[in-house]
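**Student:** Here's a structure for you.
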Amino acid sequence: FRGGLTPLNVEEFASEYAGIRTALIQSAFRYDYPKKEVINGIKKLDTLLPKKKAGIIPVLEQAELTQMIKVFEGFYKPTIEKLAPLINQVVDHFPKRRERVQHTGLFGYSRGVGKVKLPRAIGFTGALYSLGMPPELISTGRALKLLKNLKLLEEYYINLRKDLLRAGGFVNRELIKKLAKLNPAASDYLEDLEAVEEYLGEQLGPKTEQEIAHQKISNSIFKRLNSGKSLEKLITRQAILRRSLG
């Protein structure tokens, strides 16, 4: 926007672009929920979005939030680098069928963190969920313990607690402890898990029938991981239970 936003032109930008409202619809919502629910959800967005005003983050708060991101990033990168071999091992068993036209390979281009290569988001996320390690928790606990202005974070990430609680239902604590004996990054994950639980004020883990079933399958995946047998059916069953592959 005209050379970038500054404290002087941000109000002008807000006024000129106040009519822009964006909603991102994940493919899981399109494919893994009842069609009637999806149609009603889209209709609700069509009704509510025009009534909302675009929010503008003050420049000083933008700067503080940017510094918060760096705190999370500082824990995230080294943990992911250490988890990469395990993630890629699980991804090799992922279902290869996708509706959309793809690039070359199962997940198209790869993503890199530091010196390691990782699959795209679906494979990355799904592999961690398959082992009872929801990726939403990676670095989150350790970073939250260091942040001094949690109110500011919660103001702009309004579903933070809700998202952590939902992801936490797929945590397999005992399996993570087993993985910690094989990979130091799993120990980092346990530290994040405990810190997130302290932040939320409750213990995470499976509570619903679907979450309990998901945990049992993650145990089976771990037991068969080095057996040479395909894990595709187990991974697919888990995806159905949580209503998304990744």
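Residues in the structure tokens are named by chain (A, B, ... in the order shown) and by number from 1 within that chain; ligands are numbered from 1 in the order shown.
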Each residue of segment 148-189 of chain A with at least one atom at most 12 Å from segment 128-141 of chain A should appear once, together with its nearest atom pair and the corresponding distance in Å (one decimal); atoms considered: only C-alpha atoms; ordering: chain, then increasing residue number; output as a tab-separated table.
**Tutor:**
```
residue	atom	partner	partner_atom	distance
A:Leu160	CA	A:Glu136	CA	10.1
A:Arg161	CA	A:Glu136	CA	11.3
A:Lys162	CA	A:Glu136	CA	11.6
A:Asp163	CA	A:Glu136	CA	8.2
A:Leu164	CA	A:Glu136	CA	6.9
A:Leu165	CA	A:Glu136	CA	10.1
A:Arg166	CA	A:Pro134	CA	9.7
A:Ala167	CA	A:Pro134	CA	5.9
A:Gly168	CA	A:Pro134	CA	7.0
A:Gly169	CA	A:Pro134	CA	8.9
A:Phe170	CA	A:Gly132	CA	5.7
A:Val171	CA	A:Gly132	CA	4.7
A:Asn172	CA	A:Gly132	CA	4.4
A:Arg173	CA	A:Gly132	CA	7.5
A:Glu174	CA	A:Gly132	CA	9.2
A:Leu175	CA	A:Gly132	CA	7.1
A:Ile176	CA	A:Met133	CA	7.2
A:Lys177	CA	A:Gly132	CA	10.8
A:Lys178	CA	A:Leu131	CA	10.8
A:Leu179	CA	A:Leu131	CA	9.2
A:Ala180	CA	A:Met133	CA	11.7
A:Ala185	CA	A:Ile138	CA	9.6
A:Ala186	CA	A:Met133	CA	8.8
A:Ser187	CA	A:Ile138	CA	11.0
A:Asp188	CA	A:Ser139	CA	8.1
A:Tyr189	CA	A:Ile138	CA	6.0
```
**Student:** Store the residues picked out above in a file with C-alpha atoms, as a PDB file, in the first residue's frame.
**Tutor:**
```
ATOM      1  CA  LEU A 160      -6.149 -19.482  21.634  1.00  0.00           C
ATOM      2  CA  ARG A 161      -7.556 -21.411  24.587  1.00  0.00           C
ATOM      3  CA  LYS A 162     -10.244 -23.055  22.487  1.00  0.00           C
ATOM      4  CA  ASP A 163      -7.724 -24.214  19.882  1.00  0.00           C
ATOM      5  CA  LEU A 164      -5.313 -25.571  22.475  1.00  0.00           C
ATOM      6  CA  LEU A 165      -8.086 -27.481  24.241  1.00  0.00           C
ATOM      7  CA  ARG A 166      -9.317 -29.014  21.000  1.00  0.00           C
ATOM      8  CA  ALA A 167      -5.816 -30.068  19.931  1.00  0.00           C
ATOM      9  CA  GLY A 168      -5.100 -31.308  23.428  1.00  0.00           C
ATOM     10  CA  GLY A 169      -7.779 -33.963  23.129  1.00  0.00           C
ATOM     11  CA  PHE A 170      -5.476 -35.848  20.735  1.00  0.00           C
ATOM     12  CA  VAL A 171      -2.430 -35.841  23.032  1.00  0.00           C
ATOM     13  CA  ASN A 172      -1.011 -39.283  23.815  1.00  0.00           C
ATOM     14  CA  ARG A 173       1.111 -38.533  26.871  1.00  0.00           C
ATOM     15  CA  GLU A 174       2.428 -42.057  27.438  1.00  0.00           C
ATOM     16  CA  LEU A 175       3.472 -42.426  23.814  1.00  0.00           C
ATOM     17  CA  ILE A 176       5.278 -39.075  23.913  1.00  0.00           C
ATOM     18  CA  LYS A 177       7.201 -40.323  26.971  1.00  0.00           C
ATOM     19  CA  LYS A 178       8.268 -43.395  24.994  1.00  0.00           C
ATOM     20  CA  LEU A 179       9.331 -41.217  22.076  1.00  0.00           C
ATOM     21  CA  ALA A 180      11.325 -39.025  24.456  1.00  0.00           C
ATOM     22  CA  ALA A 185      12.624 -33.308  20.772  1.00  0.00           C
ATOM     23  CA  ALA A 186       9.851 -35.340  22.396  1.00  0.00           C
ATOM     24  CA  SER A 187      11.212 -34.198  25.764  1.00  0.00           C
ATOM     25  CA  ASP A 188      10.857 -30.617  24.548  1.00  0.00           C
ATOM     26  CA  TYR A 189       7.281 -31.465  23.587  1.00  0.00           C
TER      27      TYR A 189
END
```
**Student:** Set the distance at 12 Å and use only C-alpha atoms: which residues neighbour Leu153 of chain A once local chain neighbours fewer than 2 positions away are removed? I'd like the list as a list in words.
**Tutor:** Ile57, Glu61, Gln62, Glu64, Leu65, Thr66, Gln67, Met68, Ile69, Ala143, Leu144, Leu147, Lys148, Asn149, Leu150, Lys151, Glu155, Tyr156, Tyr157, Ile158, Asn159, Leu160 and Arg161 of chain A
**Student:** With C-alpha atoms retained, could you export that selection as a short mmCIF file (atom, residue, chain, number, x, y, z; two decimals), in the first residue's frame?
**Tutor:**
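Saved result, selection-v2.cif, follows:
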```
data_model
loop_
_atom_site.label_atom_id
_atom_site.label_comp_id
_atom_site.auth_asym_id
_atom_site.auth_seq_id
_atom_site.Cartn_x
_atom_site.Cartn_y
_atom_site.Cartn_z
CA ILE A 57 -3.86 -3.33 14.96
CA GLU A 61 0.92 -3.45 19.32
CA GLN A 62 2.02 -4.79 15.92
CA GLU A 64 4.98 -6.20 20.32
CA LEU A 65 3.16 -9.06 18.59
CA THR A 66 6.05 -9.38 16.13
CA GLN A 67 8.45 -9.79 19.03
CA MET A 68 6.17 -12.48 20.48
CA ILE A 69 6.38 -14.40 17.23
CA ALA A 143 6.88 -19.43 24.80
CA LEU A 144 3.76 -18.70 26.88
CA LEU A 147 5.57 -13.78 27.45
CA LYS A 148 4.85 -10.82 29.71
CA ASN A 149 1.73 -9.55 27.94
CA LEU A 150 -0.55 -12.56 27.53
CA LYS A 151 -3.59 -10.28 27.47
CA GLU A 155 -6.90 -10.09 22.45
CA TYR A 156 -5.80 -10.81 18.89
CA TYR A 157 -5.77 -14.60 19.05
CA ILE A 158 -9.26 -14.87 20.46
CA ASN A 159 -9.51 -18.65 20.06
CA LEU A 160 -6.15 -19.48 21.63
CA ARG A 161 -7.56 -21.41 24.59
#
```
**Student:** Near segment 88-91 of chain A, counting only C-alpha atoms, which residues have an atom at most 8 Å away, once you skip same-chain residues fewer than 2 positions from it, shown as a VMD selection string?
**Tutor:** chain A and resid 84 to 86 93 to 94 118 to 119 123 to 124 126 to 127 225
**Student:** How many Å lie between atom CA of Ile240 of chain A and atom CA of Leu24 of chain A, rounded to one decimal?
**Tutor:**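 A separation of 21.3 Å between them.
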**Student:** From a backbone DSSP assignment, name each residue in segment 67-203 of chain A labelled helix (DSSP H, G or I), as a PyMOL selection string.
**Tutor:** chain A and resi 67-91+121-130+135-137+140-146+150-156+160-168+173-180+184-200
**Student:** Which of these, A:Ala121, A:Val38, A:Leu83, A:Ala54, has the shortest distance to Arg21 of chain A once you count only C-alpha atoms?
**Tutor:**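 Closest to Arg21 of chain A of all the choices is A:Ala54.
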**Student:** Which residue out of A:Glu154, A:Asp92, A:Glu202, A:Glu37 has the minimum interatomic distance to Ser230 of chain A when only C-alpha atoms are used?
**Tutor:**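 That would be A:Asp92, the residue with the smallest distance to Ser230 of chain A.
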**Student:** A:Lys70, A:Lys223, A:Arg242, A:Lys36: which is nearest Pro206 of chain A, counting only C-alpha atoms?
**Tutor:**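 Ranked by minimum distance to Pro206 of chain A, first place goes to A:Arg242.
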**Student:** What gap, in Å, lies between atom CA of Leu245 of chain A and atom CA of Ile122 of chain A?
**Tutor:** 6.6 Å
**Student:** With only C-alpha atoms as the basis for distance, which of A:Phe75, A:Gly228, A:Ala63, A:Leu241 is at the shortest distance from Thr208 of chain A?
**Tutor:**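 Among the listed residues, A:Leu241 lies closest to Thr208 of chain A.
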**Student:** Out of A:Gly55, A:Pro34, A:Pro184, A:Pro95, which residue has the shortest atom-to-atom distance to Gln238 of chain A when counting only C-alpha atoms?
**Tutor:**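 Checking each candidate against Gln238 of chain A, we get A:Pro95 as the closest.
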**Student:** Give the strand (DSSP E) residues of segment 37-221 of chain A, as assigned by DSSP on the backbone, as a ChimeraX atom specification.
**Tutor:** /A:111-113,116-118
**Student:** Please produce a file of those selected residues containing N, CA and C atoms, as a PDB file, in the first residue's frame.
**Tutor:**
```
ATOM      1  N   ARG A 111       8.987 -28.449   2.356  1.00  0.00           N
ATOM      2  CA  ARG A 111       9.295 -27.249   3.108  1.00  0.00           C
ATOM      3  C   ARG A 111      10.529 -27.504   3.950  1.00  0.00           C
ATOM      4  N   GLY A 112      11.339 -26.492   4.111  1.00  0.00           N
ATOM      5  CA  GLY A 112      12.550 -26.663   4.888  1.00  0.00           C
ATOM      6  C   GLY A 112      12.529 -25.838   6.156  1.00  0.00           C
ATOM      7  N   VAL A 113      13.084 -26.389   7.222  1.00  0.00           N
ATOM      8  CA  VAL A 113      13.294 -25.661   8.468  1.00  0.00           C
ATOM      9  C   VAL A 113      14.741 -25.895   8.855  1.00  0.00           C
ATOM     10  N   VAL A 116      16.860 -29.149   7.561  1.00  0.00           N
ATOM     11  CA  VAL A 116      16.063 -30.340   7.259  1.00  0.00           C
ATOM     12  C   VAL A 116      14.939 -30.025   6.287  1.00  0.00           C
ATOM     13  N   LYS A 117      14.485 -31.058   5.569  1.00  0.00           N
ATOM     14  CA  LYS A 117      13.350 -30.947   4.670  1.00  0.00           C
ATOM     15  C   LYS A 117      12.127 -31.587   5.308  1.00  0.00           C
ATOM     16  N   LEU A 118      10.990 -30.958   5.112  1.00  0.00           N
ATOM     17  CA  LEU A 118       9.740 -31.449   5.685  1.00  0.00           C
ATOM     18  C   LEU A 118       8.669 -31.518   4.606  1.00  0.00           C
TER      19      LEU A 118
END
```
**Student:** With distances taken over only C-alpha atoms, which residue among A:Lys96, A:Lys43, A:Lys145, A:Arg243 lies nearest Glu194 of chain A?
**Tutor:** A:Lys145
**Student:** Give me, please, the distance in Å between atom CA of Gln26 of chain A and atom CA of Gly246 of chain A, quoted to one decimal.
**Tutor:** 10.5 Å
